[in-house]
$ cat protein16.cif   # mmCIF, C-alpha atoms
data_data
loop_
_atom_site.label_atom_id
_atom_site.label_comp_id
_atom_site.auth_asym_id
_atom_site.auth_seq_id
_atom_site.Cartn_x
_atom_site.Cartn_y
_atom_site.Cartn_z
CA MET H 1 -53.66 -6.56 22.34
CA LYS H 2 -54.77 -5.23 19.00
CA VAL H 3 -52.30 -3.16 17.01
CA ALA H 4 -53.57 -1.52 13.84
CA GLY H 5 -52.73 1.43 11.70
CA SER H 6 -51.25 2.47 8.41
CA TYR H 7 -48.04 3.93 7.09
CA THR H 8 -47.23 5.38 3.68
CA LEU H 9 -44.04 4.23 1.98
CA PRO H 10 -42.38 6.50 -0.60
CA VAL H 11 -42.22 3.86 -3.33
CA GLY H 12 -44.60 2.15 -5.73
CA GLN H 13 -46.67 -0.87 -4.68
CA GLU H 14 -44.59 -3.55 -6.47
CA ARG H 15 -41.39 -2.25 -4.91
CA ALA H 16 -42.98 -1.84 -1.49
CA TYR H 17 -44.20 -5.45 -1.54
CA GLU H 18 -40.76 -6.63 -2.66
CA LEU H 19 -39.08 -4.80 0.21
CA LEU H 20 -41.56 -6.07 2.79
CA LEU H 21 -40.85 -9.66 1.82
CA ASP H 22 -37.08 -9.33 1.56
CA PRO H 23 -35.49 -10.97 4.64
CA ALA H 24 -32.39 -8.78 4.35
CA VAL H 25 -34.59 -5.67 4.47
CA LEU H 26 -36.72 -7.06 7.30
CA ALA H 27 -33.60 -7.86 9.30
CA LYS H 28 -32.38 -4.30 8.80
CA CYS H 29 -35.68 -2.67 9.69
CA MET H 30 -37.12 -4.75 12.51
CA PRO H 31 -36.05 -2.87 15.63
CA GLY H 32 -33.23 -4.61 17.43
CA CYS H 33 -33.04 -7.45 14.95
CA GLU H 34 -29.52 -8.85 15.05
CA SER H 35 -29.99 -11.72 12.65
CA LEU H 36 -32.59 -13.34 10.46
CA ASP H 37 -31.59 -16.74 9.05
CA LYS H 38 -33.70 -18.79 6.69
CA THR H 39 -34.68 -22.17 8.17
CA GLY H 40 -37.38 -23.12 5.71
CA GLU H 41 -39.75 -21.82 3.08
CA ASN H 42 -40.78 -18.39 4.38
CA VAL H 43 -39.59 -19.28 7.88
CA TYR H 44 -36.67 -17.49 9.54
CA ALA H 45 -34.86 -17.89 12.84
CA MET H 46 -34.48 -14.53 14.52
CA ARG H 47 -32.26 -13.00 17.18
CA MET H 48 -33.51 -9.68 18.52
CA LYS H 49 -32.15 -7.24 21.11
CA MET H 50 -35.00 -5.07 22.29
CA LEU H 51 -34.03 -1.67 23.63
CA LEU H 52 -36.47 0.68 25.29
CA GLY H 53 -35.03 3.38 27.49
CA SER H 54 -32.89 1.58 30.07
CA MET H 55 -34.63 -1.73 29.47
CA SER H 56 -33.14 -4.32 27.21
CA GLY H 57 -33.75 -7.96 26.50
CA LEU H 58 -32.52 -10.61 24.10
CA PHE H 59 -35.10 -12.63 22.27
CA ASP H 60 -34.68 -15.79 20.22
CA GLY H 61 -37.48 -16.52 17.91
CA LYS H 62 -39.08 -17.11 14.59
CA VAL H 63 -40.46 -15.03 11.78
CA THR H 64 -43.02 -16.70 9.52
CA ILE H 65 -44.50 -15.32 6.35
CA THR H 66 -47.82 -16.79 5.16
CA GLY H 67 -50.71 -15.88 2.91
CA VAL H 68 -48.37 -14.43 0.30
CA ASN H 69 -50.57 -12.57 -2.18
CA PRO H 70 -48.39 -10.26 -4.28
CA PRO H 71 -48.51 -7.36 -4.56
CA SER H 72 -51.40 -6.85 -2.13
CA SER H 73 -50.98 -8.62 1.14
CA TYR H 74 -49.37 -11.21 3.39
CA LYS H 75 -49.34 -12.26 7.01
CA LEU H 76 -46.30 -11.77 9.19
CA THR H 77 -45.86 -13.69 12.43
CA VAL H 78 -43.06 -12.77 14.81
CA GLU H 79 -42.46 -14.88 17.89
CA GLY H 80 -39.73 -14.34 20.44
CA LYS H 81 -38.70 -15.84 23.73
CA GLY H 82 -36.16 -14.46 26.15
CA LYS H 83 -35.26 -14.31 29.82
CA ILE H 84 -37.53 -11.33 30.39
CA GLY H 85 -40.55 -12.92 28.77
CA PHE H 86 -42.02 -13.99 25.50
CA MET H 87 -43.99 -12.30 22.81
CA LYS H 88 -45.98 -13.22 19.72
CA GLY H 89 -47.13 -10.73 17.15
CA GLU H 90 -49.27 -11.62 14.17
CA GLY H 91 -50.30 -9.12 11.56
CA VAL H 92 -51.78 -8.89 8.13
CA LEU H 93 -50.17 -6.26 5.91
CA THR H 94 -52.31 -4.91 3.09
CA LEU H 95 -50.84 -2.65 0.42
CA THR H 96 -52.72 -0.18 -1.72
CA ALA H 97 -51.23 2.18 -4.27
CA ASP H 98 -51.62 5.76 -3.08
CA PRO H 99 -53.30 8.22 -5.43
CA ALA H 100 -50.22 10.44 -5.01
CA GLU H 101 -47.82 9.02 -7.53
CA GLY H 102 -45.12 6.65 -6.43
CA LYS H 103 -46.41 5.93 -2.96
CA THR H 104 -47.98 2.95 -1.23
CA ALA H 105 -50.22 2.89 1.80
CA VAL H 106 -49.49 -0.10 4.03
CA GLN H 107 -52.33 -1.04 6.35
CA TYR H 108 -51.41 -3.33 9.24
CA ASP H 109 -53.88 -5.21 11.37
CA GLY H 110 -52.56 -7.41 14.09
CA ASP H 111 -52.47 -8.83 17.51
CA VAL H 112 -49.65 -8.83 20.06
CA GLN H 113 -49.46 -11.22 22.98
CA VAL H 114 -46.88 -10.87 25.70
CA GLY H 115 -46.08 -13.06 28.66
CA GLY H 116 -43.53 -13.46 31.42
CA THR H 117 -41.84 -10.66 33.38
CA ILE H 118 -42.40 -7.95 30.79
CA ALA H 119 -46.12 -8.70 30.83
CA ALA H 120 -46.33 -8.97 34.61
CA VAL H 121 -44.65 -5.64 35.33
CA GLY H 122 -44.92 -3.89 32.02
CA GLN H 123 -48.53 -4.50 31.03
CA ARG H 124 -49.22 -0.78 30.98
CA LEU H 125 -46.48 -0.28 28.43
CA ILE H 126 -47.26 -3.03 25.94
CA ASP H 127 -49.54 -0.90 23.81
CA THR H 128 -47.12 2.02 23.78
CA THR H 129 -44.14 -0.24 23.07
CA SER H 130 -45.86 -2.15 20.25
CA LYS H 131 -46.87 1.08 18.54
CA MET H 132 -43.36 2.48 18.96
CA LEU H 133 -41.73 -0.64 17.48
CA VAL H 134 -44.12 -0.69 14.53
CA LYS H 135 -43.42 3.00 13.94
CA ARG H 136 -39.64 2.44 14.11
CA PHE H 137 -39.98 -0.50 11.67
CA PHE H 138 -41.84 1.58 9.09
CA GLU H 139 -39.57 4.59 9.52
CA LYS H 140 -36.51 2.42 8.85
CA LEU H 141 -38.30 0.73 5.96
CA SER H 142 -39.13 4.14 4.49
CA LYS H 143 -35.44 5.12 4.60
CA GLU H 144 -34.50 1.78 3.05
CA ALA H 145 -37.10 2.26 0.33
CA GLU H 146 -35.80 5.73 -0.46
CA ALA H 147 -32.21 4.56 -0.50
CA SER H 148 -32.92 1.75 -2.95
CA GLY H 149 -35.79 3.49 -4.76
CA THR H 150 -33.87 4.47 -7.91
CA SER H 151 -33.30 0.84 -8.79
CA ALA H 152 -37.00 -0.05 -8.62
CA PRO H 153 -38.72 -0.98 -11.88
CA ASP H 154 -41.70 1.30 -11.35
CA SER H 155 -39.82 4.44 -10.28
CA VAL H 156 -39.37 7.42 -12.56
CA PRO H 157 -35.90 7.32 -14.18
CA ARG H 158 -33.88 10.55 -13.86
CA MET J 159 -34.09 -11.64 41.71
CA ILE J 160 -30.77 -9.91 42.15
CA PRO J 161 -29.33 -7.84 39.33
CA HIS J 162 -26.77 -9.13 36.87
CA GLU J 163 -23.17 -8.29 37.75
CA PHE J 164 -22.20 -4.71 37.04
CA GLU J 165 -19.34 -2.26 37.52
CA TYR J 166 -20.04 0.50 40.03
CA ALA J 167 -18.45 3.93 40.17
CA SER J 168 -19.17 6.76 42.59
CA PRO J 169 -17.37 9.81 41.22
CA ALA J 170 -16.58 12.75 43.51
CA THR J 171 -16.99 15.47 40.90
CA LEU J 172 -19.22 16.22 37.95
CA GLN J 173 -16.22 16.24 35.62
CA GLU J 174 -15.26 12.76 36.77
CA ALA J 175 -18.82 11.53 36.19
CA LEU J 176 -18.90 13.04 32.71
CA GLN J 177 -15.55 11.49 31.83
CA LEU J 178 -16.83 8.08 32.91
CA ILE J 179 -19.75 8.24 30.51
CA ALA J 180 -18.02 10.19 27.73
CA ASP J 181 -17.69 7.09 25.55
CA GLY J 182 -21.45 6.49 25.74
CA SER J 183 -21.18 3.66 28.24
CA GLY J 184 -22.32 3.63 31.85
CA LYS J 185 -25.84 4.09 33.17
CA ILE J 186 -26.42 7.03 35.49
CA LEU J 187 -27.82 6.23 38.93
CA ALA J 188 -29.68 9.05 40.67
CA GLY J 189 -32.40 8.10 43.17
CA GLY J 190 -32.65 4.58 41.80
CA MET J 191 -36.44 4.47 42.13
CA SER J 192 -36.85 3.39 38.52
CA LEU J 193 -33.50 1.85 37.69
CA ILE J 194 -32.97 -0.44 40.68
CA PRO J 195 -36.35 -2.23 40.48
CA MET J 196 -35.75 -2.81 36.76
CA MET J 197 -32.29 -4.17 37.47
CA LYS J 198 -33.65 -6.49 40.13
CA LEU J 199 -36.18 -7.81 37.65
CA ARG J 200 -33.38 -8.02 35.11
CA LEU J 201 -35.39 -5.91 32.70
CA ALA J 202 -32.38 -3.61 32.61
CA SER J 203 -28.86 -4.98 32.94
CA PRO J 204 -26.40 -2.15 32.40
CA GLY J 205 -22.77 -3.29 32.45
CA SER J 206 -21.72 -0.30 34.53
CA ILE J 207 -23.39 2.19 36.83
CA VAL J 208 -22.22 5.75 37.57
CA ASP J 209 -23.70 6.90 40.87
CA LEU J 210 -24.18 10.67 41.19
CA ARG J 211 -24.83 10.73 44.93
CA ARG J 212 -21.41 12.15 45.88
CA VAL J 213 -21.26 14.75 43.12
CA PRO J 214 -21.57 18.24 44.61
CA GLY J 215 -23.52 21.05 42.99
CA LEU J 216 -26.53 19.02 41.92
CA HIS J 217 -28.75 19.29 44.97
CA HIS J 218 -29.65 22.99 45.10
CA ILE J 219 -33.02 24.75 44.95
CA GLY J 220 -32.59 28.51 44.74
CA GLU J 221 -33.72 31.56 42.89
CA SER J 222 -31.62 34.12 41.08
CA ALA J 223 -32.65 36.82 38.60
CA GLY J 224 -36.21 35.58 38.28
CA VAL J 225 -35.23 31.96 37.61
CA VAL J 226 -35.57 29.09 40.03
CA HIS J 227 -32.57 26.77 39.65
CA ILE J 228 -33.22 23.19 40.67
CA GLY J 229 -30.34 20.72 40.75
CA ALA J 230 -30.93 17.42 39.00
CA MET J 231 -30.41 15.48 42.23
CA ALA J 232 -33.02 17.44 44.22
CA THR J 233 -35.50 14.90 45.54
CA HIS J 234 -39.24 15.08 45.01
CA HIS J 235 -39.65 15.65 48.74
CA GLU J 236 -37.19 18.55 48.72
CA ILE J 237 -39.04 20.14 45.82
CA GLU J 238 -42.37 19.53 47.55
CA ILE J 239 -41.38 21.36 50.77
CA SER J 240 -38.94 24.00 49.57
CA PRO J 241 -40.14 27.53 50.40
CA VAL J 242 -38.57 28.64 47.12
CA THR J 243 -40.59 26.29 44.93
CA ARG J 244 -43.74 26.75 46.97
CA SER J 245 -43.65 30.50 46.50
CA ARG J 246 -42.06 30.87 43.09
CA CYS J 247 -43.25 27.79 41.13
CA PRO J 248 -45.90 26.11 43.28
CA LEU J 249 -47.22 24.08 40.35
CA LEU J 250 -43.95 22.13 40.39
CA ALA J 251 -44.15 21.60 44.15
CA GLU J 252 -47.73 20.36 43.78
CA ALA J 253 -46.73 17.89 41.05
CA ALA J 254 -43.77 16.67 43.14
CA ALA J 255 -46.06 16.08 46.12
CA SER J 256 -48.23 13.73 44.07
CA ILE J 257 -45.45 11.38 42.97
CA GLY J 258 -45.59 7.76 44.14
CA ASP J 259 -45.34 7.56 47.89
CA ILE J 260 -43.26 9.01 50.72
CA GLN J 261 -40.43 6.52 50.29
CA VAL J 262 -40.18 7.21 46.57
CA ARG J 263 -40.31 10.97 47.15
CA ASN J 264 -37.46 10.77 49.67
CA MET J 265 -35.15 9.04 47.22
CA GLY J 266 -36.39 9.90 43.74
CA THR J 267 -34.84 12.89 41.98
CA ILE J 268 -36.20 15.26 39.39
CA GLY J 269 -33.19 14.71 37.10
CA GLY J 270 -33.57 10.95 37.26
CA SER J 271 -37.30 11.13 36.72
CA ILE J 272 -37.15 13.28 33.62
CA ALA J 273 -34.22 11.34 32.14
CA HIS J 274 -36.26 8.14 32.54
CA ALA J 275 -39.24 9.77 30.79
CA ASP J 276 -41.92 7.33 31.80
CA PRO J 277 -45.13 8.17 29.90
CA ALA J 278 -47.00 8.10 33.23
CA ALA J 279 -44.63 10.40 35.15
CA ASP J 280 -45.98 13.53 36.84
CA TYR J 281 -43.25 16.12 36.32
CA PRO J 282 -43.47 16.41 32.51
CA ALA J 283 -46.97 17.93 32.61
CA ALA J 284 -45.82 20.61 35.08
CA LEU J 285 -42.52 21.20 33.28
CA LEU J 286 -44.35 21.81 30.02
CA ALA J 287 -46.88 24.15 31.63
CA LEU J 288 -44.05 26.04 33.37
CA GLU J 289 -41.98 26.26 30.16
CA VAL J 290 -38.91 24.93 31.94
CA GLN J 291 -35.43 24.77 30.42
CA ILE J 292 -33.33 21.68 31.10
CA ARG J 293 -29.57 21.99 31.33
CA LEU J 294 -27.54 19.10 29.95
CA ALA J 295 -23.80 18.73 30.41
CA SER J 296 -21.30 16.39 28.82
CA ALA J 297 -17.51 16.26 28.94
CA ALA J 298 -17.46 18.53 25.90
CA SER J 299 -20.62 20.61 26.09
CA ASP J 300 -23.19 22.44 28.17
CA ARG J 301 -26.55 23.20 26.64
CA THR J 302 -30.16 23.84 27.55
CA VAL J 303 -33.22 22.24 25.97
CA ALA J 304 -36.79 23.44 26.36
CA ALA J 305 -39.07 20.93 28.07
CA ALA J 306 -41.24 20.88 24.94
CA ASP J 307 -38.28 19.51 22.96
CA PHE J 308 -36.95 17.31 25.75
CA PHE J 309 -39.72 14.70 26.01
CA GLN J 310 -39.72 12.99 22.64
CA ASP J 311 -41.35 9.58 23.06
CA ALA J 312 -41.93 6.89 25.67
CA PHE J 313 -38.63 6.61 27.62
CA THR J 314 -37.00 8.74 24.94
CA THR J 315 -35.57 12.20 25.57
CA ALA J 316 -33.25 14.72 23.96
CA ILE J 317 -30.36 13.48 26.10
CA GLU J 318 -27.45 12.50 23.87
CA PRO J 319 -24.96 9.74 24.84
CA GLY J 320 -22.44 11.19 27.28
CA GLU J 321 -24.86 13.82 28.64
CA ILE J 322 -26.26 14.23 32.13
CA VAL J 323 -29.18 16.38 33.28
CA VAL J 324 -27.55 18.84 35.69
CA GLU J 325 -30.15 21.49 36.39
CA LEU J 326 -33.66 22.67 35.64
CA LEU J 327 -34.39 26.35 35.09
CA VAL J 328 -37.91 27.36 36.04
CA PRO J 329 -39.12 30.90 35.30
CA ALA J 330 -40.23 32.27 38.68
CA GLU J 331 -43.87 33.22 38.51
CA ALA J 332 -45.32 36.58 39.25
CA GLY J 333 -47.40 35.48 42.23
CA SER J 334 -50.63 36.45 40.58
CA GLU J 335 -50.77 33.25 38.58
CA GLY J 336 -53.24 30.50 39.31
CA TYR J 337 -52.16 26.88 39.01
CA LYS J 338 -53.33 23.32 39.63
CA TYR J 339 -52.01 19.83 39.01
CA GLU J 340 -54.93 17.40 38.66
CA LYS J 341 -54.02 13.74 38.63
CA VAL J 342 -55.81 10.44 38.26
CA ALA J 343 -53.55 8.11 40.18
CA HIS J 344 -53.44 4.40 39.38
CA PRO J 345 -54.71 2.76 42.60
CA ALA J 346 -51.80 0.32 42.84
CA SER J 347 -48.77 2.05 41.36
CA GLY J 348 -49.68 5.68 41.95
CA PHE J 349 -48.57 6.51 38.43
CA ALA J 350 -50.56 9.11 36.53
CA VAL J 351 -53.21 7.38 34.43
CA VAL J 352 -53.69 10.96 33.30
CA GLY J 353 -52.26 14.18 34.81
CA VAL J 354 -53.11 17.72 33.78
CA ALA J 355 -51.04 20.73 34.88
CA ALA J 356 -52.69 24.09 34.34
CA ARG J 357 -51.30 27.58 34.78
CA VAL J 358 -53.30 30.75 34.13
CA GLN J 359 -53.02 34.47 34.45
CA THR J 360 -56.19 36.53 34.57
CA ALA J 361 -56.86 40.19 33.80
CA ASN J 362 -60.21 41.84 34.43
CA GLY J 363 -61.88 38.48 35.00
CA LYS J 364 -60.67 37.04 31.69
CA ILE J 365 -57.84 34.54 31.10
CA SER J 366 -54.90 36.39 29.57
CA MET J 367 -52.38 33.53 29.68
CA ALA J 368 -52.97 29.78 29.79
CA ARG J 369 -50.51 26.87 29.79
CA ILE J 370 -51.70 23.26 29.86
CA GLY J 371 -49.45 20.18 30.13
CA VAL J 372 -50.91 16.67 29.90
CA THR J 373 -49.15 13.45 30.94
CA GLY J 374 -50.14 9.80 31.04
CA MET J 375 -52.51 10.02 28.12
CA GLY J 376 -50.02 9.11 25.40
CA PRO J 377 -46.44 7.97 24.84
CA ARG J 378 -45.16 11.34 26.05
CA ALA J 379 -46.44 14.44 27.82
CA PHE J 380 -47.66 17.21 25.55
CA ARG J 381 -48.70 20.86 25.69
CA ASP J 382 -52.28 21.35 24.65
CA LEU J 383 -51.74 24.29 22.34
CA PRO J 384 -55.27 24.32 20.85
CA ALA J 385 -56.88 24.51 24.31
CA GLN J 386 -54.40 27.21 25.37
CA LYS J 387 -55.24 29.25 22.28
CA LEU J 388 -58.97 28.95 22.86
CA LEU J 389 -58.63 30.22 26.42
CA GLU J 390 -56.38 33.11 25.47
CA GLY J 391 -58.86 33.95 22.73
CA GLY J 392 -61.70 34.35 25.18
CA ALA J 393 -63.34 30.91 25.19
CA ASP J 394 -64.54 29.57 28.53
CA VAL J 395 -62.95 26.72 30.47
CA ALA J 396 -65.57 24.17 29.38
CA ALA J 397 -65.03 24.87 25.69
CA ALA J 398 -61.25 24.63 26.02
CA ALA J 399 -61.31 21.48 28.17
CA ALA J 400 -63.55 19.80 25.60
CA VAL J 401 -60.77 19.84 22.97
CA VAL J 402 -57.92 18.70 25.18
CA GLY J 403 -56.06 15.77 23.66
CA GLU J 404 -57.74 16.11 20.26
CA GLY J 405 -55.58 14.42 17.64
CA GLN J 406 -53.02 13.21 20.17
CA GLU J 407 -51.80 9.62 20.45
CA THR J 408 -53.10 7.65 23.41
CA ASN J 409 -51.85 4.73 25.47
CA SER J 410 -54.08 1.82 26.28
CA ASP J 411 -53.78 -0.83 28.98
CA LEU J 412 -55.97 -3.10 31.06
CA TYR J 413 -56.78 -0.29 33.49
CA ALA J 414 -57.69 2.43 31.03
CA SER J 415 -58.25 2.46 27.28
CA GLY J 416 -56.97 5.26 25.05
CA ASP J 417 -60.42 6.77 24.66
CA TYR J 418 -61.02 6.67 28.39
CA ARG J 419 -57.71 8.43 29.00
CA ARG J 420 -58.65 11.17 26.59
CA HIS J 421 -61.98 11.52 28.39
CA LEU J 422 -60.18 11.69 31.75
CA ALA J 423 -57.80 14.32 30.37
CA ARG J 424 -60.77 16.49 29.41
CA VAL J 425 -62.56 16.09 32.72
CA HIS J 426 -59.43 16.84 34.69
CA ALA J 427 -58.37 19.69 32.43
CA ALA J 428 -61.70 21.35 33.21
CA ARG J 429 -61.11 20.84 36.95
CA ALA J 430 -57.49 22.00 36.80
CA LEU J 431 -58.38 25.12 34.84
CA ALA J 432 -61.27 25.99 37.13
CA ALA J 433 -59.05 25.60 40.19
CA ALA J 434 -56.25 27.59 38.55
CA VAL J 435 -58.63 30.42 37.68
CA SER J 436 -59.95 30.60 41.24
CA ARG J 437 -56.38 30.70 42.57
CA ALA J 438 -55.33 33.49 40.24
CA SER J 439 -55.40 37.03 41.49
#
$ encode --input "protein16.cif" --output "structure tokens"
Amino acid sequence: MKVAGSYTLPVGQERAYELLLDPAVLAKCMPGCESLDKTGENVYAMRMKMLLGSMSGLFDGKVTITGVNPPSSYKLTVEGKGKIGFMKGEGVLTLTADPAEGKTAVQYDGDVQVGGTIAAVGQRLIDTTSKMLVKRFFEKLSKEAEASGTSAPDSVPR
Amino acid sequence: MIPHEFEYASPATLQEALQLIADGSGKILAGGMSLIPMMKLRLASPGSIVDLRRVPGLHHIGESAGVVHIGAMATHHEIEISPVTRSRCPLLAEAAASIGDIQVRNMGTIGGSIAHADPAADYPAALLALEVQIRLASAASDRTVAAADFFQDAFTTAIEPGEIVVELLVPAEAGSEGYKYEKVAHPASGFAVVGVAARVQTANGKISMARIGVTGMGPRAFRDLPAQKLLEGGADVAAAAAVVGEGQETNSDLYASGDYRRHLARVHAARALAAAVSRAS
């Protein structure tokens, strides 16, 4: 299932790229992420508790970062397996500095594959859920960016 | 599969139920038509369940001072056949009649359904068109939320931890209103691929009031304010139906793509409005 869209972060491009690659930030912003531990170069073991309404599921998986091309783009792969099914999401994130000062447009283009029980009974919700999770991720990332924005090198000192 | 182990409580009063969930724990069980299947699939594994079946004061359907009060535990079937709903808010009865199947309608409740907030549920479209208020109670509070503010996102509502839906307040209609709930039912599940609830009032052959609620098309049901405005401004049904869903988010699945859902919403909005107009007096 294709998932694509864009989100504007309230910080400059360099800072936005920095945040998007920071595992501590990713762990904080990825919905339900309980832990993200480095297991190799740009590879992280992940524990995620997905919550959607009354539904919940624990996933164990892997986050891989490839195609690192600062400060423009990289590819993020998130794989998870749990009792209720498995999922694999791959997406390319492309950053462009917004004409409005101090903002960055993040374009994401990806694919989500789901299998197991959640796919069998929840197929109709995969699109909705993916979009919701991506939205939650960027909303949290926006807050994180704002919170740490004053320490960024390309922000206006006050 | 059988569900994971869980604690089960069946309180005898509303206060007891509210106390049990006051700390934010405990999943409410109403009709169980959404929760139990999920628990059996282990998609949902709440540690404790609070069953509302014995709580009095949640099953009523009655009118007072121009408002139809519907208890959260009223079943879809009760709402479908009640002479009160059929005469005072028939749009709601029509939506209730279209839900799932007979077995689901006998057990499923309006409170449970709206708390679950499935994007493909039928009630939200009607509740938005009827401008319903939803009463939420907790151990420490009692408040009402407009339907337009209640449905926030897929499976996400304005219900705060510790709160229960206790009642729905539906403005009783004048009797001269026209209404229609048009639904495209998924052939297997019966869920609304798209559902449009329309309510109109006419005066001298023109539409003086229009309310349109759309469900199934996106992550949550929405009021189509632009189409309503067009109709109230004198535009004809075709012109208003053509803009339904413009700019709104859509869901997509194997059965129907987002664009197709928007197209269905427009086609069925036109049908619902036409039927509502012909029913108006």
$ closest_atom_pairs --input "protein16.cif" --of "chain H" --to "chain J" --cutoff "10 Å" --atoms "all atoms listed in the file" --output "tab-separated table"
residue	atom	partner	partner_atom	distance
H:Met1	CA	J:Asp411	CA	8.8
H:Leu51	CA	J:Ala202	CA	9.3
H:Leu52	CA	J:Phe313	CA	6.7
H:Gly53	CA	J:Phe313	CA	4.8
H:Ser54	CA	J:Ala202	CA	5.8
H:Met55	CA	J:Ala202	CA	4.3
H:Ser56	CA	J:Ala202	CA	5.5
H:Gly57	CA	J:Leu201	CA	6.7
H:Lys83	CA	J:Arg200	CA	8.4
H:Ile84	CA	J:Leu201	CA	6.3
H:Gly85	CA	J:Leu201	CA	9.6
H:Thr117	CA	J:Leu199	CA	7.6
H:Ile118	CA	J:Leu201	CA	7.5
H:Val121	CA	J:Leu199	CA	9.0
H:Gly122	CA	J:Leu201	CA	9.8
H:Gln123	CA	J:Asp411	CA	6.7
H:Arg124	CA	J:Asp411	CA	5.0
H:Leu125	CA	J:Asp411	CA	7.3
H:Ile126	CA	J:Asp411	CA	7.5
H:Asp127	CA	J:Ser410	CA	5.8
H:Thr128	CA	J:Asn409	CA	5.7
H:Thr129	CA	J:Ala312	CA	7.9
H:Lys131	CA	J:Asn409	CA	9.3
H:Met132	CA	J:Ala312	CA	8.2
$ resolve_selection --input "protein16.cif" --expression "the PyMOL selection byres ((chain J and resi 280) around 7)" --output "VMD selection string"
chain J and resid 253 257 278 to 279 281 to 283 350 353 373
$ residues_around --input "protein16.cif" --residues "Thr64 of chain H" --least-positions-apart "2" --cutoff "12 Å" --atoms "all atoms listed in the file" --output "PDB file with C-alpha atoms, keeping the file's coordinate frame"
ATOM      1  CA  LEU H  21     -40.850  -9.660   1.820  1.00  0.00           C
ATOM      2  CA  PRO H  23     -35.490 -10.970   4.640  1.00  0.00           C
ATOM      3  CA  LEU H  26     -36.720  -7.060   7.300  1.00  0.00           C
ATOM      4  CA  LEU H  36     -32.590 -13.340  10.460  1.00  0.00           C
ATOM      5  CA  ASP H  37     -31.590 -16.740   9.050  1.00  0.00           C
ATOM      6  CA  LYS H  38     -33.700 -18.790   6.690  1.00  0.00           C
ATOM      7  CA  THR H  39     -34.680 -22.170   8.170  1.00  0.00           C
ATOM      8  CA  GLY H  40     -37.380 -23.120   5.710  1.00  0.00           C
ATOM      9  CA  GLU H  41     -39.750 -21.820   3.080  1.00  0.00           C
ATOM     10  CA  ASN H  42     -40.780 -18.390   4.380  1.00  0.00           C
ATOM     11  CA  VAL H  43     -39.590 -19.280   7.880  1.00  0.00           C
ATOM     12  CA  TYR H  44     -36.670 -17.490   9.540  1.00  0.00           C
ATOM     13  CA  ALA H  45     -34.860 -17.890  12.840  1.00  0.00           C
ATOM     14  CA  MET H  46     -34.480 -14.530  14.520  1.00  0.00           C
ATOM     15  CA  GLY H  61     -37.480 -16.520  17.910  1.00  0.00           C
ATOM     16  CA  LYS H  62     -39.080 -17.110  14.590  1.00  0.00           C
ATOM     17  CA  THR H  66     -47.820 -16.790   5.160  1.00  0.00           C
ATOM     18  CA  GLY H  67     -50.710 -15.880   2.910  1.00  0.00           C
ATOM     19  CA  VAL H  68     -48.370 -14.430   0.300  1.00  0.00           C
ATOM     20  CA  TYR H  74     -49.370 -11.210   3.390  1.00  0.00           C
ATOM     21  CA  LYS H  75     -49.340 -12.260   7.010  1.00  0.00           C
ATOM     22  CA  LEU H  76     -46.300 -11.770   9.190  1.00  0.00           C
ATOM     23  CA  THR H  77     -45.860 -13.690  12.430  1.00  0.00           C
ATOM     24  CA  VAL H  78     -43.060 -12.770  14.810  1.00  0.00           C
ATOM     25  CA  GLU H  79     -42.460 -14.880  17.890  1.00  0.00           C
ATOM     26  CA  GLY H  80     -39.730 -14.340  20.440  1.00  0.00           C
ATOM     27  CA  LYS H  88     -45.980 -13.220  19.720  1.00  0.00           C
ATOM     28  CA  GLY H  89     -47.130 -10.730  17.150  1.00  0.00           C
ATOM     29  CA  GLU H  90     -49.270 -11.620  14.170  1.00  0.00           C
ATOM     30  CA  GLY H  91     -50.300  -9.120  11.560  1.00  0.00           C
ATOM     31  CA  VAL H  92     -51.780  -8.890   8.130  1.00  0.00           C
TER      32      VAL H  92
END
$ atom_distance --input "protein16.cif" --atom1 "atom CA of Glu139 of chain H" --atom2 "atom CA of Tyr7 of chain H"
8.8 Å
$ atom_distance --input "protein16.cif" --atom1 "atom CA of Gly184 of chain J" --atom2 "atom CA of Ile160 of chain J"
19.0 Å
$ atom_distance --input "protein16.cif" --atom1 "atom CA of Met265 of chain J" --atom2 "atom CA of Leu216 of chain J"
14.2 Å
$ resolve_selection --input "protein16.cif" --expression "the PyMOL selection byres ((chain J and resi 323-334) around 6)" --output "ChimeraX atom specification"
/J:224-230,246-247,269,290-294,322,335,438-439
$ closest_residue --input "protein16.cif" --among "J:Leu286, J:Asp181, J:Leu172, J:Val425" --to "Gly215 of chain J" --atoms "only C-alpha atoms"
J:Leu172
$ resolve_selection --input "protein16.cif" --expression "the PyMOL selection byres ((chain J and resi 361) around 12)" --output "PyMOL selection string"
chain J and resi 334-336+358-360+362-368+390+392+435+438-439
$ residues_around --input "protein16.cif" --residues "Leu20 of chain H" --least-positions-apart "3" --cutoff "12 Å" --atoms "only C-alpha atoms" --output "PyMOL selection string"
chain H and resi 9+11+13-17+23-30+65+68+70-76+92-95+104+106+137-138+140-142+144-145
$ residues_around --input "protein16.cif" --residues "Ser296 of chain J" --least-positions-apart "2" --cutoff "10 Å" --atoms "all atoms listed in the file" --output "list in words"
Leu172, Gln173, Ala175, Leu176, Gln177, Ile179, Ala180, Leu294, Ala298, Ser299, Asp300, Arg301, Ile317, Glu318, Pro319, Gly320, Glu321, Ile322, Val323 and Val324 of chain J
$ residues_around --input "protein16.cif" --residues "His421 of chain J" --least-positions-apart "6" --cutoff "9 Å" --atoms "only C-alpha atoms" --output "list in words"
Ala400, Val402 and Gly403 of chain J
$ write_last_selection --input "protein16.cif" --atoms "C-alpha atoms" --output "PDB file, in the frame of the given file"
ATOM      1  CA  ALA J 400     -63.550  19.800  25.600  1.00  0.00           C
ATOM      2  CA  VAL J 402     -57.920  18.700  25.180  1.00  0.00           C
ATOM      3  CA  GLY J 403     -56.060  15.770  23.660  1.00  0.00           C
TER       4      GLY J 403
END
